[in-house]
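Trainee: The structure under discussion is supplied below as structure tokens; questions concerning it will follow.
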Amino acid sequence: MGESKLAGQFFDAAIGLLQQVRDGDSAEIAAAGKAIAEAVAHGNRLFAFGAGHSSLAAQDVVYRAGGLALMNLLAVPGVVGVDVMPATLGSALERVDGLAGAVLDSSPAKAGDVLIIISLSGRNALPVEMAMNARALGLTVIGVTSVAYATETKSRHVSGTYLKDHCDIVLDSKIAIGDAELTHEGIEAPFAPASTVVTSALMQATMAAAAEELVHLGIEPPLLRSGNVDGGHEWNGRVMSEYGDRIFFRH
């Protein structure tokens with residue numbers, strides 16, 4: 001069988017973006033890892049939020065083999081993925097004023113905790129207000145976004161600001177406007193988005209940086225093991241028991 005030229009071009013584009021964020025965001029990734037490690041060390045909690053496809057990278061670090069057991073998904077009903085019908089409702093909810101405040105007020109998040117907010121464009125009301133409200137509550141906010149959107153699109157929040165404007169640390173995914181890496185003759189729309197690949201890599205790199213910093217602090221990183229390897233369930237049971245008061249995705 002022959003190779004697909006376009007498939008190869010997508011891999012090249014994704015690899016190029018990964019190299020850009022590895023080199024361009026290294027200091028910010030280290031800072032984010034340190035903030036997460038310090039929250040763990042001081043008895044605080046960790047949360048991740050994303051709307052639409054941005055929620056995929058948030059879910060990727062929650063209840064994950066090889067991941068920090070303390071990372072919790074801050075879920076907003078109707079905007080996590082495409083499980084809502086119609087799917088367009090999720091996009092509409094991202095533009096609703098006041099929703100972020102209601103979610104935060106009813107969540108276990110409190111001062112000293114860390115919240116990672118993932119939004120590719122960072123222009124909708126939901127991520128902007130989530131960041132504003134979280135900081136007002138005393139949380140450390142890490143934003144994962146494409147800074148380019150702030151210079152080439154208009155904010156949909158009444159303040160005219162973007163997610164990046166309300167974060168303690170910003171990880172720039174460097175994804176181009178429109179999130180489509182390829183064009184081809186005979187195909188009218190650009191295609192092959194890379195934001196999930198890059199954003200998930202940024203999240204996992206940040207978790208690795210956090211684990212490294214925890215070791216420096218003399219703390220065993222509370223990691224989960226795969227339940228499909230011998231001893232995995234026993235290991236996870238011990239971690240869940242030890243840190244149970246900071247894990248909210250289980251009963």
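Naming scheme: A, B, ... for chains in displayed order of the structure tokens; residues 1 onward per chain; ligands 1 onward as shown.
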Produce a table with one row for each residue of region 129-159 of chain A that has an atom at most 12 Å from any atom of region 108-111 of chain A, each row naming the nearest atom pair and its distance in Å at one decimal; use only C-alpha atoms; arrange rows by chain and rising residue number; format as a Markdown table.
Mentor:
| residue | atom | partner | partner_atom | distance |
| --- | --- | --- | --- | --- |
| A:Met130 | CA | A:Ala109 | CA | 11.8 |
| A:Asn133 | CA | A:Lys110 | CA | 11.0 |
| A:Ala134 | CA | A:Lys110 | CA | 8.4 |
| A:Arg135 | CA | A:Ala111 | CA | 8.5 |
| A:Ala136 | CA | A:Ala111 | CA | 8.9 |
| A:Leu137 | CA | A:Ala111 | CA | 5.6 |
| A:Gly138 | CA | A:Ala111 | CA | 4.2 |
| A:Leu139 | CA | A:Ala111 | CA | 4.9 |
| A:Thr140 | CA | A:Ala111 | CA | 8.2 |
| A:Val141 | CA | A:Ala111 | CA | 11.0 |
Trainee: Pull the strand (DSSP E or B) assignments for region 162-195 of chain A out of DSSP run on the backbone, and list those residues as a count of residues only.
Mentor: 12
Trainee: Residues at most 10 Å from Ala150 (chain A), counting only C-alpha atoms, excluding those fewer than 6 positions away in the same chain, as a short mmCIF file (atom, residue, chain, number, x, y, z; two decimals) with N, CA and C atoms, in the first residue's frame?
Mentor:
data_model
loop_
_atom_site.label_atom_id
_atom_site.label_comp_id
_atom_site.auth_asym_id
_atom_site.auth_seq_id
_atom_site.Cartn_x
_atom_site.Cartn_y
_atom_site.Cartn_z
N SER A 121 -9.29 29.28 21.99
CA SER A 121 -9.41 30.69 21.62
C SER A 121 -9.33 31.61 22.83
N GLY A 122 -9.80 31.14 23.98
CA GLY A 122 -9.79 31.97 25.17
C GLY A 122 -10.67 33.20 25.08
N ARG A 123 -11.62 33.21 24.14
CA ARG A 123 -12.40 34.42 23.88
C ARG A 123 -13.82 34.36 24.40
N GLY A 160 -14.08 42.48 27.12
CA GLY A 160 -13.19 42.59 25.98
C GLY A 160 -11.86 41.89 26.19
N THR A 161 -11.74 41.12 27.28
CA THR A 161 -10.49 40.44 27.60
C THR A 161 -10.56 38.95 27.22
N TYR A 162 -9.44 38.28 27.38
CA TYR A 162 -9.30 36.88 27.01
C TYR A 162 -8.82 36.08 28.22
N LEU A 163 -8.87 34.77 28.09
CA LEU A 163 -8.39 33.90 29.16
C LEU A 163 -6.99 34.28 29.60
N LYS A 164 -6.11 34.54 28.65
CA LYS A 164 -4.71 34.82 28.97
C LYS A 164 -4.54 36.02 29.89
N ASP A 165 -5.53 36.91 29.91
CA ASP A 165 -5.44 38.13 30.71
C ASP A 165 -5.76 37.91 32.18
N ILE A 177 -5.02 30.43 14.13
CA ILE A 177 -6.45 30.71 14.11
C ILE A 177 -7.16 29.70 13.20
#
Trainee: Could you tell me which of A:Glu38, A:Glu213, A:Asp113, A:Glu129 comes closest to Arg95 (chain A) if we count only C-alpha atoms?
Mentor: A:Glu129
Trainee: Counting only C-alpha atoms, figure out which residue out of A:Ala51, A:Met240, A:Leu68, A:Leu18 gets nearest to Ala209 (chain A).
Mentor: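 Of A:Ala51, A:Met240, A:Leu68, A:Leu18, the one nearest Ala209 (chain A), counting only C-alpha atoms, is A:Leu68.
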Trainee: So which bits of region 52-119 of chain A end up helix (DSSP H, G or I) when you DSSP the backbone, as number ranges by chain?
Mentor: A: 54-59, 88-93, 99-105
Trainee: Quick one: residues within 12 Å of Ala35 (chain A), only C-alpha atoms counted, chain neighbours fewer than 2 positions away excluded, as an MDAnalysis selection string?
Mentor: chainID A and resid 28:33 37:42 44:46 112:116 139:142 168:169 206:207 209:214
Trainee: Can those selected residues be exported to a file as a PDB file, in the first residue's frame so that it contains C-alpha atoms?
Mentor:
ATOM      1  CA  GLU A  28       6.008  28.391  31.859  1.00  0.00           C
ATOM      2  CA  ILE A  29       5.690  24.592  31.989  1.00  0.00           C
ATOM      3  CA  ALA A  30       8.239  24.495  34.808  1.00  0.00           C
ATOM      4  CA  ALA A  31       6.360  27.240  36.663  1.00  0.00           C
ATOM      5  CA  ALA A  32       3.049  25.428  36.232  1.00  0.00           C
ATOM      6  CA  GLY A  33       4.593  22.194  37.476  1.00  0.00           C
ATOM      7  CA  ALA A  37       3.576  20.482  43.261  1.00  0.00           C
ATOM      8  CA  GLU A  38       3.341  23.181  45.920  1.00  0.00           C
ATOM      9  CA  ALA A  39      -0.444  22.799  46.044  1.00  0.00           C
ATOM     10  CA  VAL A  40      -0.030  19.062  46.589  1.00  0.00           C
ATOM     11  CA  ALA A  41       2.612  19.650  49.245  1.00  0.00           C
ATOM     12  CA  HIS A  42       0.465  22.162  51.125  1.00  0.00           C
ATOM     13  CA  ASN A  44      -4.522  21.883  48.472  1.00  0.00           C
ATOM     14  CA  ARG A  45      -6.445  20.476  45.525  1.00  0.00           C
ATOM     15  CA  LEU A  46      -6.059  20.371  41.755  1.00  0.00           C
ATOM     16  CA  GLY A 112      -4.909  27.848  47.582  1.00  0.00           C
ATOM     17  CA  ASP A 113      -6.108  25.316  45.022  1.00  0.00           C
ATOM     18  CA  VAL A 114      -4.879  25.197  41.425  1.00  0.00           C
ATOM     19  CA  LEU A 115      -7.215  25.384  38.431  1.00  0.00           C
ATOM     20  CA  ILE A 116      -6.015  24.670  34.899  1.00  0.00           C
ATOM     21  CA  LEU A 139      -7.006  30.002  43.314  1.00  0.00           C
ATOM     22  CA  THR A 140      -3.858  29.832  41.215  1.00  0.00           C
ATOM     23  CA  VAL A 141      -4.973  29.822  37.576  1.00  0.00           C
ATOM     24  CA  ILE A 142      -2.984  28.172  34.799  1.00  0.00           C
ATOM     25  CA  ASP A 168      -1.085  33.458  36.843  1.00  0.00           C
ATOM     26  CA  ILE A 169       0.691  31.279  34.268  1.00  0.00           C
ATOM     27  CA  THR A 206       3.218  19.939  33.060  1.00  0.00           C
ATOM     28  CA  MET A 207       2.309  16.835  35.066  1.00  0.00           C
ATOM     29  CA  ALA A 209       7.259  18.846  35.717  1.00  0.00           C
ATOM     30  CA  ALA A 210       5.016  18.636  38.792  1.00  0.00           C
ATOM     31  CA  ALA A 211       6.225  15.118  39.582  1.00  0.00           C
ATOM     32  CA  GLU A 212       9.825  16.286  39.243  1.00  0.00           C
ATOM     33  CA  GLU A 213       9.213  19.199  41.604  1.00  0.00           C
ATOM     34  CA  LEU A 214       7.500  16.943  44.149  1.00  0.00           C
TER      35      LEU A 214
END
Trainee: Write out as an NGL selection string which residues come within 10 Å of His53 (chain A) when counting only C-alpha atoms, dropping same-chain ones fewer than 3 positions away.
Mentor: :A and (50 or 56-58 or 79-82 or 118-120 or 195-196)
Trainee: Report the distance between CA of Ala69 (chain A) and CA of Pro221 (chain A) in Å, rounded to one decimal place.
Mentor: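 Atom-to-atom, CA of Ala69 (chain A) to CA of Pro221 (chain A), that is 8.9 Å.
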Trainee: Using only C-alpha atoms, determine which residues lie at most 10 Å from Ile15 (chain A), disregarding the query and same-chain residues fewer than 4 positions distant; provide the list as an mmCIF file with N, CA, C and O atoms, in the first residue's frame.
Mentor:
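Below you can see part-v3.cif, which holds the result:
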data_model
loop_
_atom_site.group_PDB
_atom_site.id
_atom_site.type_symbol
_atom_site.label_atom_id
_atom_site.label_comp_id
_atom_site.auth_asym_id
_atom_site.auth_seq_id
_atom_site.Cartn_x
_atom_site.Cartn_y
_atom_site.Cartn_z
ATOM 1 N N GLN A 9 2.011 14.968 6.082
ATOM 2 C CA GLN A 9 2.066 16.411 6.322
ATOM 3 C C GLN A 9 1.487 16.774 7.686
ATOM 4 O O GLN A 9 1.970 17.692 8.357
ATOM 5 N N PHE A 10 0.428 16.051 8.100
ATOM 6 C CA PHE A 10 -0.130 16.329 9.427
ATOM 7 C C PHE A 10 0.868 15.982 10.523
ATOM 8 O O PHE A 10 1.049 16.742 11.476
ATOM 9 N N PHE A 11 1.503 14.822 10.405
ATOM 10 C CA PHE A 11 2.511 14.450 11.397
ATOM 11 C C PHE A 11 3.621 15.502 11.458
ATOM 12 O O PHE A 11 4.071 15.886 12.543
ATOM 13 N N GLN A 19 7.554 20.835 18.936
ATOM 14 C CA GLN A 19 8.890 21.403 19.140
ATOM 15 C C GLN A 19 8.790 22.863 19.567
ATOM 16 O O GLN A 19 9.543 23.324 20.440
ATOM 17 N N GLN A 20 7.841 23.597 18.976
ATOM 18 C CA GLN A 20 7.667 25.010 19.336
ATOM 19 C C GLN A 20 7.265 25.173 20.792
ATOM 20 O O GLN A 20 7.797 26.038 21.498
ATOM 21 N N ALA A 194 -4.792 20.238 15.117
ATOM 22 C CA ALA A 194 -3.721 19.681 15.950
ATOM 23 C C ALA A 194 -3.808 20.143 17.400
ATOM 24 O O ALA A 194 -2.941 19.809 18.200
ATOM 25 N N VAL A 197 -3.680 17.296 20.122
ATOM 26 C CA VAL A 197 -2.346 16.702 20.246
ATOM 27 C C VAL A 197 -1.436 17.610 21.064
ATOM 28 O O VAL A 197 -0.788 17.178 22.032
ATOM 29 N N VAL A 198 -1.406 18.883 20.704
ATOM 30 C CA VAL A 198 -0.479 19.820 21.338
ATOM 31 C C VAL A 198 -0.897 20.130 22.771
ATOM 32 O O VAL A 198 -0.064 20.142 23.688
#
Trainee: Of the residues A:Gly16, A:Pro193, A:Gly98, A:Gly43, which is the one nearest to Glu242 (chain A), using only C-alpha atoms?
Mentor: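 That would be A:Gly43, the residue with the smallest distance to Glu242 (chain A).
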Trainee: Applying 7 Å and only C-alpha atoms, which residues near Ile117 (chain A) remain after dropping the ones on its own chain fewer than 6 positions away? List them as number ranges by chain.
Mentor: A: 48-50, 127, 142-144
Trainee: Print the selection's residues with C-alpha atoms to a file, as a PDB file, in the first residue's frame.
Mentor:
ATOM      1  CA  ALA A  48      -8.788  21.055  35.313  1.00  0.00           C
ATOM      2  CA  PHE A  49     -11.476  22.559  33.093  1.00  0.00           C
ATOM      3  CA  GLY A  50     -12.059  22.712  29.369  1.00  0.00           C
ATOM      4  CA  PRO A 127     -13.271  30.415  30.304  1.00  0.00           C
ATOM      5  CA  ILE A 142      -2.984  28.172  34.799  1.00  0.00           C
ATOM      6  CA  GLY A 143      -4.308  28.935  31.324  1.00  0.00           C
ATOM      7  CA  VAL A 144      -3.677  26.746  28.292  1.00  0.00           C
TER       8      VAL A 144
END
Trainee: Using only C-alpha atoms, can you tell me which of A:Asn72, A:Thr145, A:Gln59, A:Ser241 comes closest to His166 (chain A)?
Mentor: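 When distances to His166 (chain A) are compared using only C-alpha atoms, the smallest one comes from A:Thr145.
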Trainee: Which residue is closest to Asp97 (chain A)? Choose from A:Val158, A:Leu70, A:Ala7, A:Met132 and count only C-alpha atoms.
Mentor: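 Counting only C-alpha atoms, the residue closest to Asp97 (chain A) is A:Val158.
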Trainee: Quick check, in Å to one decimal: how far apart do CA of Ala14 (chain A) and CA of Asp172 (chain A) lie?
Mentor: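 Taking CA of Ala14 (chain A) and CA of Asp172 (chain A), their separation equals 14.8 Å.
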